[in-house]
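Okay, start_9.cif now, which holds mmCIF, C-alpha atoms:
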data_final
loop_
_atom_site.label_atom_id
_atom_site.label_comp_id
_atom_site.auth_asym_id
_atom_site.auth_seq_id
_atom_site.Cartn_x
_atom_site.Cartn_y
_atom_site.Cartn_z
CA MET A 1 -180.30 -207.33 -117.97
CA PRO A 2 -180.27 -207.51 -121.79
CA GLN A 3 -176.88 -207.00 -123.44
CA PRO A 4 -176.45 -204.22 -126.03
CA PRO A 5 -176.15 -205.52 -129.58
CA GLU A 6 -172.70 -206.01 -130.98
CA PRO A 7 -171.62 -203.18 -133.31
CA PRO A 8 -171.67 -204.25 -136.94
CA ALA A 9 -168.36 -205.12 -138.60
CA ASN A 10 -166.96 -202.32 -140.73
CA LEU A 11 -165.74 -204.53 -143.57
CA GLU A 12 -168.20 -203.08 -146.08
CA GLN A 13 -167.11 -199.52 -145.26
CA LEU A 14 -163.43 -200.41 -145.56
CA ALA A 15 -164.04 -202.02 -148.95
CA ALA A 16 -166.19 -199.21 -150.35
CA PRO A 17 -164.62 -197.22 -153.24
CA SER A 18 -165.55 -193.98 -151.48
CA TYR A 19 -163.21 -194.91 -148.59
CA ARG A 20 -160.10 -195.14 -150.76
CA LEU A 21 -157.61 -192.32 -150.49
CA ALA A 22 -158.30 -190.08 -153.45
CA ALA A 23 -154.64 -190.05 -154.53
CA LEU A 24 -154.61 -193.87 -154.59
CA ASP A 25 -158.02 -194.40 -156.19
CA GLN A 26 -157.22 -195.19 -159.82
CA GLU A 27 -160.88 -195.57 -160.80
CA PHE A 28 -161.54 -192.04 -159.53
CA LEU A 29 -158.37 -190.53 -161.02
CA LEU A 30 -159.10 -192.01 -164.45
CA GLY A 31 -162.70 -190.80 -164.49
CA ASP A 32 -164.01 -187.98 -166.68
CA SER A 33 -164.22 -185.51 -163.81
CA MET A 34 -160.46 -185.73 -163.18
CA ARG A 35 -159.36 -184.98 -166.75
CA GLY A 36 -158.10 -181.52 -165.74
CA VAL A 37 -156.09 -183.01 -162.88
CA ARG A 38 -154.51 -185.59 -165.19
CA PHE A 39 -153.63 -182.80 -167.61
CA LEU A 40 -151.94 -180.89 -164.79
CA LEU A 41 -150.05 -184.00 -163.66
CA GLU A 42 -148.67 -184.50 -167.17
CA PHE A 43 -147.37 -180.95 -167.10
CA ALA A 44 -145.90 -181.13 -163.59
CA LYS A 45 -144.14 -184.50 -163.89
CA ALA A 46 -142.11 -183.58 -166.98
CA ASP A 47 -141.54 -180.01 -165.79
CA GLU A 48 -140.07 -181.22 -162.50
CA ALA A 49 -137.66 -183.62 -164.21
CA LEU A 50 -136.51 -181.01 -166.73
CA ARG A 51 -135.85 -178.52 -163.96
CA ARG A 52 -133.93 -181.12 -161.98
CA TRP A 53 -131.66 -181.64 -164.99
CA GLY A 54 -131.23 -177.90 -165.45
CA VAL A 55 -132.74 -177.84 -168.95
CA LEU A 56 -133.32 -174.19 -169.81
CA SER A 57 -133.82 -174.43 -173.56
CA THR A 58 -134.13 -177.07 -176.27
CA ILE A 59 -133.66 -177.56 -179.98
CA VAL A 60 -136.72 -179.47 -181.11
CA VAL A 61 -136.24 -181.95 -183.96
CA PHE A 62 -139.26 -183.33 -185.80
CA GLY A 63 -139.45 -185.84 -188.64
CA SER A 64 -140.84 -189.15 -189.78
CA ALA A 65 -140.88 -192.19 -187.51
CA ARG A 66 -140.80 -194.33 -190.68
CA VAL A 67 -137.26 -193.36 -191.67
CA SER A 68 -134.47 -195.83 -190.89
CA GLU A 69 -130.70 -195.76 -191.12
CA ASP A 70 -130.68 -198.31 -193.95
CA GLY A 71 -134.05 -197.33 -195.45
CA PRO A 72 -134.78 -196.91 -199.16
CA GLY A 73 -134.44 -193.74 -201.19
CA GLU A 74 -133.54 -190.66 -199.20
CA ALA A 75 -134.35 -192.23 -195.82
CA GLY A 76 -130.82 -193.21 -194.92
CA ARG A 77 -129.47 -189.78 -195.88
CA TRP A 78 -132.10 -187.99 -193.78
CA TYR A 79 -131.34 -190.28 -190.83
CA GLY A 80 -127.63 -189.55 -191.15
CA ILE A 81 -128.17 -185.79 -191.26
CA ALA A 82 -130.39 -185.90 -188.16
CA ARG A 83 -127.83 -188.01 -186.31
CA ALA A 84 -124.98 -185.66 -187.28
CA PHE A 85 -127.02 -182.63 -186.30
CA GLY A 86 -127.93 -184.12 -182.91
CA ARG A 87 -124.26 -184.54 -182.16
CA LEU A 88 -123.16 -181.16 -183.56
CA ALA A 89 -125.88 -179.22 -181.74
CA SER A 90 -125.14 -180.99 -178.46
CA GLU A 91 -121.44 -180.21 -178.72
CA ARG A 92 -121.86 -176.56 -179.72
CA GLY A 93 -125.14 -175.53 -178.16
CA GLY A 94 -124.59 -175.86 -174.42
CA ALA A 95 -126.20 -179.22 -173.64
CA LEU A 96 -122.92 -180.50 -172.20
CA VAL A 97 -122.74 -177.69 -169.64
CA ASP A 98 -123.51 -179.22 -166.25
CA GLY A 99 -123.80 -176.83 -163.36
CA GLU A 100 -125.72 -173.92 -161.92
CA ALA A 101 -125.73 -172.14 -165.27
CA GLY A 102 -128.07 -174.81 -166.64
CA ARG A 103 -128.18 -176.56 -170.00
CA HIS A 104 -129.18 -174.84 -173.24
CA ASN A 105 -130.20 -176.15 -176.65
CA VAL A 106 -130.75 -179.71 -175.44
CA ILE A 107 -132.02 -181.94 -178.26
CA ALA A 108 -135.71 -182.74 -177.80
CA THR A 109 -137.73 -185.09 -179.98
CA GLY A 110 -140.97 -187.03 -179.95
CA GLY A 111 -138.96 -189.90 -178.49
CA GLY A 112 -139.79 -192.53 -181.09
CA PRO A 113 -137.96 -194.19 -183.98
CA GLY A 114 -136.81 -192.71 -187.29
CA ILE A 115 -135.64 -189.12 -187.37
CA MET A 116 -136.37 -188.82 -183.64
CA GLU A 117 -134.09 -191.74 -182.87
CA ALA A 118 -131.37 -190.31 -185.10
CA ALA A 119 -131.33 -186.92 -183.35
CA ASN A 120 -131.34 -188.51 -179.88
CA ARG A 121 -128.60 -190.86 -181.04
CA GLY A 122 -126.38 -188.00 -182.12
CA ALA A 123 -126.75 -186.34 -178.74
CA PHE A 124 -126.03 -189.66 -177.01
CA GLU A 125 -122.83 -190.07 -179.03
CA ALA A 126 -121.76 -186.58 -177.96
CA GLY A 127 -122.22 -187.60 -174.31
CA ALA A 128 -125.03 -185.09 -173.90
CA PRO A 129 -128.51 -185.54 -172.43
CA SER A 130 -131.46 -185.46 -174.77
CA ILE A 131 -135.22 -185.53 -174.31
CA GLY A 132 -137.91 -187.87 -175.63
CA PHE A 133 -141.51 -186.68 -175.39
CA ASN A 134 -143.36 -189.90 -176.25
CA ILE A 135 -147.11 -190.20 -176.77
CA THR A 136 -149.40 -193.15 -176.03
CA LEU A 137 -150.87 -194.37 -179.33
CA PRO A 138 -153.29 -197.18 -180.25
CA HIS A 139 -150.34 -198.96 -181.88
CA GLU A 140 -147.88 -198.51 -179.05
CA GLN A 141 -144.78 -196.45 -179.76
CA ALA A 142 -141.83 -197.51 -177.62
CA PRO A 143 -139.11 -194.97 -176.77
CA ASN A 144 -135.92 -195.19 -178.77
CA PRO A 145 -132.85 -196.34 -176.80
CA TYR A 146 -130.90 -193.07 -177.12
CA SER A 147 -132.93 -190.49 -175.19
CA THR A 148 -131.76 -189.96 -171.61
CA PRO A 149 -133.82 -192.30 -169.38
CA ASP A 150 -134.55 -189.59 -166.79
CA LEU A 151 -135.73 -187.32 -169.63
CA THR A 152 -137.87 -189.88 -171.46
CA PHE A 153 -141.54 -189.11 -170.88
CA ARG A 154 -144.87 -190.57 -171.93
CA PHE A 155 -147.96 -188.43 -172.48
CA HIS A 156 -151.59 -189.28 -173.00
CA TYR A 157 -152.60 -185.80 -174.17
CA PHE A 158 -151.19 -184.50 -177.45
CA ALA A 159 -151.87 -180.94 -176.27
CA MET A 160 -149.66 -181.27 -173.20
CA ARG A 161 -146.93 -182.98 -175.19
CA LYS A 162 -147.01 -180.10 -177.68
CA MET A 163 -146.83 -177.59 -174.85
CA HIS A 164 -143.66 -179.19 -173.47
CA LEU A 165 -142.15 -179.36 -176.96
CA ALA A 166 -142.84 -175.66 -177.50
CA MET A 167 -142.30 -173.99 -174.14
CA ARG A 168 -138.50 -174.34 -173.94
CA ALA A 169 -137.74 -174.39 -177.66
CA SER A 170 -134.94 -172.09 -178.78
CA ALA A 171 -135.05 -173.50 -182.32
CA LEU A 172 -137.08 -175.90 -184.44
CA VAL A 173 -135.64 -178.29 -187.04
CA ILE A 174 -138.10 -180.09 -189.31
CA PHE A 175 -137.03 -183.12 -191.31
CA PRO A 176 -139.21 -184.79 -193.96
CA GLY A 177 -142.26 -186.42 -192.44
CA GLY A 178 -145.97 -187.03 -192.73
CA PHE A 179 -149.13 -185.90 -190.95
CA GLY A 180 -147.57 -185.78 -187.48
CA THR A 181 -144.57 -183.79 -188.65
CA LEU A 182 -146.79 -181.36 -190.56
CA ASP A 183 -149.01 -180.98 -187.51
CA GLU A 184 -146.11 -180.09 -185.23
CA PHE A 185 -144.52 -177.82 -187.84
CA PHE A 186 -147.65 -175.77 -188.47
CA GLU A 187 -148.52 -175.65 -184.78
CA LEU A 188 -145.24 -173.91 -183.94
CA LEU A 189 -145.19 -171.92 -187.18
CA THR A 190 -148.59 -170.49 -186.22
CA LEU A 191 -147.27 -169.53 -182.79
CA ARG A 192 -144.44 -167.66 -184.51
CA GLN A 193 -146.71 -165.98 -187.04
CA THR A 194 -149.11 -164.78 -184.33
CA HIS A 195 -146.28 -163.72 -181.97
CA LYS A 196 -147.46 -166.17 -179.33
CA SER A 197 -143.93 -167.54 -179.07
CA PRO A 198 -140.49 -165.92 -179.04
CA PRO A 199 -138.89 -165.35 -182.48
CA ILE A 200 -137.15 -168.71 -182.62
CA PRO A 201 -135.45 -169.88 -185.83
CA ILE A 202 -137.21 -172.61 -187.83
CA CYS A 203 -135.28 -174.72 -190.34
CA LEU A 204 -136.74 -177.17 -192.88
CA VAL A 205 -134.33 -179.90 -193.97
CA ASP A 206 -134.29 -180.86 -197.67
CA GLU A 207 -135.79 -177.90 -199.52
CA ALA A 208 -136.81 -179.99 -202.54
CA TYR A 209 -138.96 -182.25 -200.34
CA TRP A 210 -140.72 -179.40 -198.58
CA ARG A 211 -141.39 -177.38 -201.72
CA GLU A 212 -142.94 -180.47 -203.29
CA VAL A 213 -145.12 -181.15 -200.24
CA VAL A 214 -146.18 -177.56 -199.43
CA ASN A 215 -146.56 -174.82 -202.04
CA PHE A 216 -145.86 -171.90 -199.76
CA GLU A 217 -145.96 -169.34 -202.59
CA THR A 218 -149.53 -170.40 -203.44
CA LEU A 219 -150.58 -169.41 -199.93
CA VAL A 220 -149.12 -165.96 -200.55
CA ARG A 221 -150.70 -165.67 -204.00
CA HIS A 222 -154.15 -166.39 -202.60
CA GLY A 223 -153.64 -163.97 -199.73
CA MET A 224 -153.75 -166.67 -197.06
CA ILE A 225 -150.41 -165.57 -195.59
CA ALA A 226 -148.34 -162.42 -195.94
CA PRO A 227 -145.21 -162.43 -198.12
CA GLU A 228 -143.08 -161.75 -195.04
CA ASP A 229 -144.39 -164.96 -193.44
CA LEU A 230 -142.10 -166.85 -195.81
CA HIS A 231 -139.19 -165.44 -193.81
CA LEU A 232 -140.34 -167.24 -190.66
CA PHE A 233 -138.39 -170.33 -191.76
CA GLY A 234 -135.33 -171.27 -193.77
CA PHE A 235 -133.97 -174.35 -195.52
CA ALA A 236 -130.84 -176.48 -195.09
CA GLU A 237 -129.34 -179.61 -196.61
CA ASP A 238 -126.90 -180.97 -194.02
CA ALA A 239 -125.98 -180.71 -190.35
CA GLU A 240 -123.57 -177.80 -190.76
CA SER A 241 -126.00 -175.75 -192.83
CA ILE A 242 -128.79 -176.44 -190.33
CA TRP A 243 -126.61 -175.06 -187.53
CA ARG A 244 -125.58 -172.08 -189.65
CA THR A 245 -129.21 -171.31 -190.55
CA LEU A 246 -130.22 -171.42 -186.88
CA GLU A 247 -127.36 -169.15 -185.81
CA GLU A 248 -128.02 -166.67 -188.61
CA ASN A 249 -131.63 -166.45 -187.46
CA GLY A 250 -130.98 -165.85 -183.79
CA LEU A 251 -129.95 -169.09 -182.07
CA ALA A 252 -127.59 -168.32 -179.20
CA ALA A 253 -124.98 -171.03 -178.62
CA VAL A 254 -123.63 -171.54 -175.11
CA ALA A 255 -120.19 -173.12 -175.10
#
Show how you would write the structure in this file as structure tokens.
Amino acid sequence: MPQPPEPPANLEQLAAPSYRLAALDQEFLLGDSMRGVRFLLEFAKADEALRRWGVLSTIVVFGSARVSEDGPGEAGRWYGIARAFGRLASERGGALVDGEAGRHNVIATGGGPGIMEAANRGAFEAGAPSIGFNITLPHEQAPNPYSTPDLTFRFHYFAMRKMHLAMRASALVIFPGGFGTLDEFFELLTLRQTHKSPPIPICLVDEAYWREVVNFETLVRHGMIAPEDLHLFGFAEDAESIWRTLEENGLAAVA
């Protein structure tokens, strides 16, 4: 009696990309159709870590990555102010509170060098946690060594990084910077102007720099913004005056 044929080996099926578990299939996850899922993952990963650390609100500090502690011109002064402010805000704002009440006014930066490093460094020297929201760039930006490791994130999408920078912000401090700093400043300033965000205080550091870079009064004169829009932000020259400006415009400190 003839024997039935042997069943074929299933090696081809086991090796087929379609057989991989979807959650472990990097080729599938990095494809165009999964862009929305990757966007969601970038939100959820950082959100989970921030909740685990009890971070309820942040003070966001922006500024140039090209500034250094011993840099030329005003660079060293700006670095020193950002460092002093990172420490002062961490000591007075509630970032050191560890418990069920949660942490408030935790320093949050873009996680890189320059002004970002200085603000994270100040928080580190105060013994407080601080956040670094890094972004993957063609010329790789490594995280600075002062942000809390558990709160140092890397994003692919600028939009999701901006969302995390904005969604817990209780205040915004803008140091001198270039295109990236201007982008972040105007993004959050627009949210304030259009009432898409809470009325958080915004402080520009070094009034002379900012008035040279942006002629705000010209925008009013041409009718591009309302005169009262100029009251959406203030100016300061050192760490103490930054803190005072934030408090005078609604920042709530939690001792």
Item to check | Selection result for the PyMOL selection byres ((chain A and resi 180) around 10) on this file, as a PyMOL selection string | outcome: chain A and resi 62-65+177-179+181-185
Grab the residues selected above and save them as a JSON list (two decimals), in the frame of the given file with C-alpha atoms.
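The resulting part.json:
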[["chain", "number", "residue", "atom", "x", "y", "z"],
["A", 62, "PHE", "CA", -139.26, -183.33, -185.80],
["A", 63, "GLY", "CA", -139.45, -185.84, -188.64],
["A", 64, "SER", "CA", -140.84, -189.15, -189.78],
["A", 65, "ALA", "CA", -140.88, -192.19, -187.51],
["A", 177, "GLY", "CA", -142.26, -186.42, -192.44],
["A", 178, "GLY", "CA", -145.97, -187.03, -192.73],
["A", 179, "PHE", "CA", -149.13, -185.90, -190.95],
["A", 181, "THR", "CA", -144.57, -183.79, -188.65],
["A", 182, "LEU", "CA", -146.79, -181.36, -190.56],
["A", 183, "ASP", "CA", -149.01, -180.98, -187.51],
["A", 184, "GLU", "CA", -146.11, -180.09, -185.23],
["A", 185, "PHE", "CA", -144.52, -177.82, -187.84]]
Item to check | Shortest interatomic distance to A:Ile81 - which of A:Phe175, A:Phe39, A:Phe216, A:Phe186, counting only C-alpha atoms | outcome: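 Closest to A:Ile81 of all the choices is A:Phe175.
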Checklist entry - Of the candidates A:Pro176, A:Glu247, A:Pro227, A:Ala166, which shows the shortest atom-to-atom distance to A:Pro201, using all atoms listed in the file? => result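 Residue with the minimum atom-to-atom distance to A:Pro201: A:Glu247.
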For stretch 125-167 of chain A against stretch 22-36 of chain A, with a cut-off of 12 Å and counting all atoms listed in the file, what is the closest atom pair and its distance in Å to one decimal for every residue that makes the cut, ordered by chain and number, as a tab-separated table?
residue	atom	partner	partner_atom	distance
A:His156	CA	A:Arg35	CA	10.9
A:Tyr157	CA	A:Arg35	CA	10.1
A:Met160	CA	A:Gly36	CA	11.3
So that I have them on file, write out the residues from the current selection with C-alpha atoms, as a CSV table (one decimal), in the coordinates of the input.
chain,number,residue,atom,x,y,z
A,156,HIS,CA,-151.6,-189.3,-173.0
A,157,TYR,CA,-152.6,-185.8,-174.2
A,160,MET,CA,-149.7,-181.3,-173.2
Given the file shown, determine the residues that the PyMOL selection byres ((chain A and resi 119-125) around 9) selects; report them as a PDB file with C-alpha atoms, in the coordinates of the input.
ATOM      1  CA  VAL A  61    -136.240-181.950-183.960  1.00  0.00           C
ATOM      2  CA  TYR A  79    -131.340-190.280-190.830  1.00  0.00           C
ATOM      3  CA  ILE A  81    -128.170-185.790-191.260  1.00  0.00           C
ATOM      4  CA  ALA A  82    -130.390-185.900-188.160  1.00  0.00           C
ATOM      5  CA  ARG A  83    -127.830-188.010-186.310  1.00  0.00           C
ATOM      6  CA  ALA A  84    -124.980-185.660-187.280  1.00  0.00           C
ATOM      7  CA  PHE A  85    -127.020-182.630-186.300  1.00  0.00           C
ATOM      8  CA  GLY A  86    -127.930-184.120-182.910  1.00  0.00           C
ATOM      9  CA  ARG A  87    -124.260-184.540-182.160  1.00  0.00           C
ATOM     10  CA  LEU A  88    -123.160-181.160-183.560  1.00  0.00           C
ATOM     11  CA  ALA A  89    -125.880-179.220-181.740  1.00  0.00           C
ATOM     12  CA  SER A  90    -125.140-180.990-178.460  1.00  0.00           C
ATOM     13  CA  GLU A  91    -121.440-180.210-178.720  1.00  0.00           C
ATOM     14  CA  ALA A  95    -126.200-179.220-173.640  1.00  0.00           C
ATOM     15  CA  VAL A 106    -130.750-179.710-175.440  1.00  0.00           C
ATOM     16  CA  ILE A 107    -132.020-181.940-178.260  1.00  0.00           C
ATOM     17  CA  ALA A 108    -135.710-182.740-177.800  1.00  0.00           C
ATOM     18  CA  THR A 109    -137.730-185.090-179.980  1.00  0.00           C
ATOM     19  CA  GLY A 111    -138.960-189.900-178.490  1.00  0.00           C
ATOM     20  CA  GLY A 114    -136.810-192.710-187.290  1.00  0.00           C
ATOM     21  CA  ILE A 115    -135.640-189.120-187.370  1.00  0.00           C
ATOM     22  CA  MET A 116    -136.370-188.820-183.640  1.00  0.00           C
ATOM     23  CA  GLU A 117    -134.090-191.740-182.870  1.00  0.00           C
ATOM     24  CA  ALA A 118    -131.370-190.310-185.100  1.00  0.00           C
ATOM     25  CA  ALA A 126    -121.760-186.580-177.960  1.00  0.00           C
ATOM     26  CA  GLY A 127    -122.220-187.600-174.310  1.00  0.00           C
ATOM     27  CA  ALA A 128    -125.030-185.090-173.900  1.00  0.00           C
ATOM     28  CA  PRO A 129    -128.510-185.540-172.430  1.00  0.00           C
ATOM     29  CA  SER A 130    -131.460-185.460-174.770  1.00  0.00           C
ATOM     30  CA  ILE A 131    -135.220-185.530-174.310  1.00  0.00           C
ATOM     31  CA  GLY A 132    -137.910-187.870-175.630  1.00  0.00           C
ATOM     32  CA  ASN A 144    -135.920-195.190-178.770  1.00  0.00           C
ATOM     33  CA  PRO A 145    -132.850-196.340-176.800  1.00  0.00           C
ATOM     34  CA  TYR A 146    -130.900-193.070-177.120  1.00  0.00           C
ATOM     35  CA  SER A 147    -132.930-190.490-175.190  1.00  0.00           C
ATOM     36  CA  THR A 148    -131.760-189.960-171.610  1.00  0.00           C
TER      37      THR A 148
END
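Nearest residue to A:Ser57 among A:His164, A:Arg38, A:His231, A:His195 is A:His164, counting all atoms listed in the file.
Among A:Pro138, A:Gly80, A:Pro198, A:Gly94, the residue with the shortest atom-to-atom distance to A:Ala171, counting only C-alpha atoms, is A:Pro198.
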Next on the checklist: For a test of reading the model, state the distance in Å between atom CA of A:Asn134 and atom CA of A:Phe153, rounded to one decimal.
Outcome noted: 5.7 Å
Item to check | Chain and number of each residue from the PyMOL selection byres ((chain A and resi 243) around 10), as a count of residues only | outcome: 21
